>>> print(open('work.cif').read())   # mmCIF, C-alpha atoms
data_query
loop_
_atom_site.group_PDB
_atom_site.id
_atom_site.type_symbol
_atom_site.label_atom_id
_atom_site.label_comp_id
_atom_site.auth_asym_id
_atom_site.auth_seq_id
_atom_site.Cartn_x
_atom_site.Cartn_y
_atom_site.Cartn_z
ATOM 1 C CA MET A 1 3.901 8.670 -9.429
ATOM 2 C CA ASN A 2 5.205 5.969 -11.757
ATOM 3 C CA LEU A 3 5.339 2.424 -10.361
ATOM 4 C CA PHE A 4 8.775 1.927 -11.901
ATOM 5 C CA ASP A 5 10.325 5.089 -10.402
ATOM 6 C CA ASP A 6 12.610 4.907 -7.369
ATOM 7 C CA VAL A 7 13.043 1.134 -7.434
ATOM 8 C CA PRO A 8 16.147 0.391 -5.357
ATOM 9 C CA SER A 9 18.161 -2.679 -6.338
ATOM 10 C CA ASP A 10 19.907 -3.240 -3.009
ATOM 11 C CA LEU A 11 17.474 -3.709 -0.128
ATOM 12 C CA PRO A 12 18.188 -5.208 3.307
ATOM 13 C CA SER A 13 14.524 -6.264 3.493
ATOM 14 C CA GLU A 14 11.469 -6.240 1.291
ATOM 15 C CA LEU A 15 10.080 -2.738 0.649
ATOM 16 C CA VAL A 16 6.316 -2.161 0.869
ATOM 17 C CA ASP A 17 4.774 1.141 -0.261
ATOM 18 C CA VAL A 18 1.059 1.614 0.450
ATOM 19 C CA LEU A 19 -0.234 3.446 -2.629
ATOM 20 C CA ALA A 20 -3.879 3.780 -1.595
ATOM 21 C CA GLU A 21 -6.211 2.428 1.051
ATOM 22 C CA GLY A 22 -9.800 2.650 2.127
ATOM 23 C CA GLN A 23 -12.117 0.947 4.550
ATOM 24 C CA SER A 24 -11.976 -2.454 2.827
ATOM 25 C CA VAL A 25 -9.157 -2.174 0.266
ATOM 26 C CA ARG A 26 -5.393 -1.543 0.264
ATOM 27 C CA ILE A 27 -3.069 -1.288 -2.752
ATOM 28 C CA GLU A 28 0.648 -1.883 -2.269
ATOM 29 C CA ARG A 29 3.772 -1.748 -4.381
ATOM 30 C CA ILE A 30 6.178 -4.390 -3.081
ATOM 31 C CA ILE A 31 9.850 -4.637 -4.072
ATOM 32 C CA SER A 32 11.836 -7.814 -3.402
ATOM 33 C CA THR A 33 15.419 -8.540 -4.403
ATOM 34 C CA GLY A 34 16.148 -12.135 -3.479
ATOM 35 C CA HIS A 35 13.840 -11.841 -0.476
ATOM 36 C CA LYS A 36 11.658 -14.677 0.760
ATOM 37 C CA THR A 37 9.426 -15.430 3.712
ATOM 38 C CA GLU A 38 11.278 -16.583 6.823
ATOM 39 C CA PRO A 39 11.389 -20.396 7.165
ATOM 40 C CA GLY A 40 8.396 -21.757 9.074
ATOM 41 C CA THR A 41 6.408 -18.530 8.579
ATOM 42 C CA TRP A 42 3.137 -18.367 6.625
ATOM 43 C CA TYR A 43 0.988 -15.420 5.578
ATOM 44 C CA ASP A 44 -2.578 -15.966 6.831
ATOM 45 C CA GLN A 45 -4.420 -12.783 5.897
ATOM 46 C CA ASP A 46 -7.926 -11.629 6.810
ATOM 47 C CA GLN A 47 -8.409 -10.171 3.317
ATOM 48 C CA ALA A 48 -8.178 -11.668 -0.166
ATOM 49 C CA GLU A 49 -5.068 -10.639 -2.114
ATOM 50 C CA TRP A 50 -4.802 -10.161 -5.856
ATOM 51 C CA VAL A 51 -1.146 -9.810 -6.813
ATOM 52 C CA VAL A 52 0.654 -9.310 -10.137
ATOM 53 C CA VAL A 53 4.372 -9.428 -10.903
ATOM 54 C CA LEU A 54 5.274 -6.324 -12.914
ATOM 55 C CA ARG A 55 9.008 -7.055 -13.130
ATOM 56 C CA GLY A 56 11.229 -9.975 -12.139
ATOM 57 C CA GLU A 57 10.092 -13.416 -11.046
ATOM 58 C CA ALA A 58 8.900 -15.126 -7.882
ATOM 59 C CA LYS A 59 7.837 -18.470 -6.500
ATOM 60 C CA LEU A 60 4.931 -18.809 -4.044
ATOM 61 C CA SER A 61 4.066 -21.901 -2.049
ATOM 62 C CA PHE A 62 0.853 -22.780 -0.268
ATOM 63 C CA ASP A 63 0.370 -24.958 2.787
ATOM 64 C CA ASP A 64 -1.536 -27.517 0.695
ATOM 65 C CA GLY A 65 1.675 -28.181 -1.299
ATOM 66 C CA GLU A 66 0.854 -26.094 -4.380
ATOM 67 C CA ILE A 67 3.792 -24.137 -5.795
ATOM 68 C CA THR A 68 3.252 -21.289 -8.244
ATOM 69 C CA THR A 69 6.046 -19.715 -10.287
ATOM 70 C CA MET A 70 5.252 -16.161 -11.372
ATOM 71 C CA LYS A 71 6.873 -14.235 -14.206
ATOM 72 C CA MET A 72 6.291 -10.714 -15.455
ATOM 73 C CA GLY A 73 2.575 -10.217 -16.083
ATOM 74 C CA ASP A 74 1.442 -13.267 -14.112
ATOM 75 C CA HIS A 75 -1.220 -12.651 -11.493
ATOM 76 C CA ILE A 76 -3.020 -14.705 -8.865
ATOM 77 C CA LEU A 77 -5.959 -14.319 -6.507
ATOM 78 C CA ILE A 78 -5.236 -15.632 -3.016
ATOM 79 C CA PRO A 79 -8.420 -16.053 -0.960
ATOM 80 C CA ALA A 80 -8.490 -14.778 2.621
ATOM 81 C CA HIS A 81 -6.834 -17.216 5.066
ATOM 82 C CA ARG A 82 -5.181 -19.312 2.356
ATOM 83 C CA ARG A 83 -1.802 -19.785 3.966
ATOM 84 C CA HIS A 84 1.075 -18.956 1.633
ATOM 85 C CA ARG A 85 4.686 -17.827 1.568
ATOM 86 C CA VAL A 86 7.240 -16.375 -0.834
ATOM 87 C CA GLU A 87 9.839 -19.076 -1.516
ATOM 88 C CA TRP A 88 12.046 -17.135 -3.935
ATOM 89 C CA THR A 89 12.384 -13.843 -5.783
ATOM 90 C CA THR A 90 14.859 -12.880 -8.485
ATOM 91 C CA PRO A 91 18.181 -12.288 -6.701
ATOM 92 C CA ASN A 92 19.970 -10.193 -9.340
ATOM 93 C CA GLU A 93 17.198 -7.683 -10.093
ATOM 94 C CA PRO A 94 14.220 -6.265 -8.202
ATOM 95 C CA THR A 95 10.947 -8.161 -8.346
ATOM 96 C CA LEU A 96 8.195 -5.558 -8.465
ATOM 97 C CA TRP A 97 4.742 -6.626 -7.289
ATOM 98 C CA LEU A 98 1.415 -4.815 -7.236
ATOM 99 C CA ALA A 99 -0.888 -6.211 -4.546
ATOM 100 C CA VAL A 100 -4.538 -5.395 -3.915
ATOM 101 C CA PHE A 101 -6.010 -6.544 -0.592
ATOM 102 C CA PHE A 102 -9.806 -6.487 -0.279
ATOM 103 C CA ASP A 103 -12.813 -7.919 1.556
#
>>> encode(input="work.cif", output="C-alpha cells")
Amino acid sequence: MNLFDDVPSDLPSELVDVLAEGQSVRIERIISTGHKTEPGTWYDQDQAEWVVVLRGEAKLSFDDGEITTMKMGDHILIPAHRRHRVEWTTPNEPTLWLAVFFD
C-alpha cells in the first residue's frame, strides 16, 4: 500500500485508516479536507500521539492556549492526556496525516 493512494478529496467527515496495531501501539492514516474538531470538544487520549503532516496544512490548539500550525513535514509529539483539538485543515486539498499512538 502507498500512503498517497486512494486519497479522496471530497469527504463528509474525516477518514481514519488503521494501518497497523498491536498491544500498545496503533498507526493511522488520517485524511482531512477542511475538517476540524467540533466546537467545545477536546481530544484527551490515554496514549501519547506522534503525528506528522504528509500533505496539506493544519492548525492544532491545546487547552493551555498553545496553537501550533503544521505544514508538510512538520511533526509533533502530544503526551497522553494533553487536551488538544484540530482547529483547521486545508479546505481545498486533502490534509494527509500519519499518526502513531503508543504507551
>>> closest_residue(input="work.cif", among="A:Val100, A:Asn92, A:Thr41, A:Lys71", to="Pro8 in chain A", atoms="only C-alpha atoms")
A:Asn92
>>> atom_distance(input="work.cif", atom1="CA of Thr33 in chain A", atom2="CA of Asp5 in chain A")
15.7 Å
>>> axis_aligned_box(input="work.cif", around="range 42-50 of chain A", padding_each_side="3 Å", output="AutoDock Vina command-line options")
--center_x -2.6 --center_y -14.3 --center_z 0.5 --size_x 17.5 --size_y 14.2 --size_z 18.7
>>> atom_distance(input="work.cif", atom1="CA of Asp103 in chain A", atom2="CA of Val25 in chain A")
6.9 Å
>>> closest_residue(input="work.cif", among="A:Leu3, A:Glu93, A:Phe102, A:Trp88", to="Gln47 in chain A", atoms="all atoms listed in the file")
A:Phe102
>>> closest_residue(input="work.cif", among="A:Glu28, A:Ala99, A:Val52, A:Pro94", to="Ser13 in chain A", atoms="all atoms listed in the file")
A:Pro94
>>> residues_around(input="work.cif", residues="range 53-65 of chain A", least_positions_apart="2", cutoff="12 Å", atoms="all atoms listed in the file", output="PyMOL selection string")
chain A and resi 3-4+7+9+29-37+39-44+50-51+67-76+78-79+81-99
>>> write_last_selection(input="work.cif", atoms="C-alpha atoms", output="short mmCIF file (atom, residue, chain, number, x, y, z; two decimals), in the coordinates of the input")
data_model
loop_
_atom_site.label_atom_id
_atom_site.label_comp_id
_atom_site.auth_asym_id
_atom_site.auth_seq_id
_atom_site.Cartn_x
_atom_site.Cartn_y
_atom_site.Cartn_z
CA LEU A 3 5.34 2.42 -10.36
CA PHE A 4 8.78 1.93 -11.90
CA VAL A 7 13.04 1.13 -7.43
CA SER A 9 18.16 -2.68 -6.34
CA ARG A 29 3.77 -1.75 -4.38
CA ILE A 30 6.18 -4.39 -3.08
CA ILE A 31 9.85 -4.64 -4.07
CA SER A 32 11.84 -7.81 -3.40
CA THR A 33 15.42 -8.54 -4.40
CA GLY A 34 16.15 -12.14 -3.48
CA HIS A 35 13.84 -11.84 -0.48
CA LYS A 36 11.66 -14.68 0.76
CA THR A 37 9.43 -15.43 3.71
CA PRO A 39 11.39 -20.40 7.16
CA GLY A 40 8.40 -21.76 9.07
CA THR A 41 6.41 -18.53 8.58
CA TRP A 42 3.14 -18.37 6.62
CA TYR A 43 0.99 -15.42 5.58
CA ASP A 44 -2.58 -15.97 6.83
CA TRP A 50 -4.80 -10.16 -5.86
CA VAL A 51 -1.15 -9.81 -6.81
CA ILE A 67 3.79 -24.14 -5.80
CA THR A 68 3.25 -21.29 -8.24
CA THR A 69 6.05 -19.72 -10.29
CA MET A 70 5.25 -16.16 -11.37
CA LYS A 71 6.87 -14.24 -14.21
CA MET A 72 6.29 -10.71 -15.46
CA GLY A 73 2.58 -10.22 -16.08
CA ASP A 74 1.44 -13.27 -14.11
CA HIS A 75 -1.22 -12.65 -11.49
CA ILE A 76 -3.02 -14.70 -8.86
CA ILE A 78 -5.24 -15.63 -3.02
CA PRO A 79 -8.42 -16.05 -0.96
CA HIS A 81 -6.83 -17.22 5.07
CA ARG A 82 -5.18 -19.31 2.36
CA ARG A 83 -1.80 -19.78 3.97
CA HIS A 84 1.08 -18.96 1.63
CA ARG A 85 4.69 -17.83 1.57
CA VAL A 86 7.24 -16.38 -0.83
CA GLU A 87 9.84 -19.08 -1.52
CA TRP A 88 12.05 -17.14 -3.94
CA THR A 89 12.38 -13.84 -5.78
CA THR A 90 14.86 -12.88 -8.48
CA PRO A 91 18.18 -12.29 -6.70
CA ASN A 92 19.97 -10.19 -9.34
CA GLU A 93 17.20 -7.68 -10.09
CA PRO A 94 14.22 -6.26 -8.20
CA THR A 95 10.95 -8.16 -8.35
CA LEU A 96 8.20 -5.56 -8.46
CA TRP A 97 4.74 -6.63 -7.29
CA LEU A 98 1.42 -4.82 -7.24
CA ALA A 99 -0.89 -6.21 -4.55
#
>>> atom_distance(input="work.cif", atom1="CA of Gly22 in chain A", atom2="CA of Asp6 in chain A")
24.4 Å
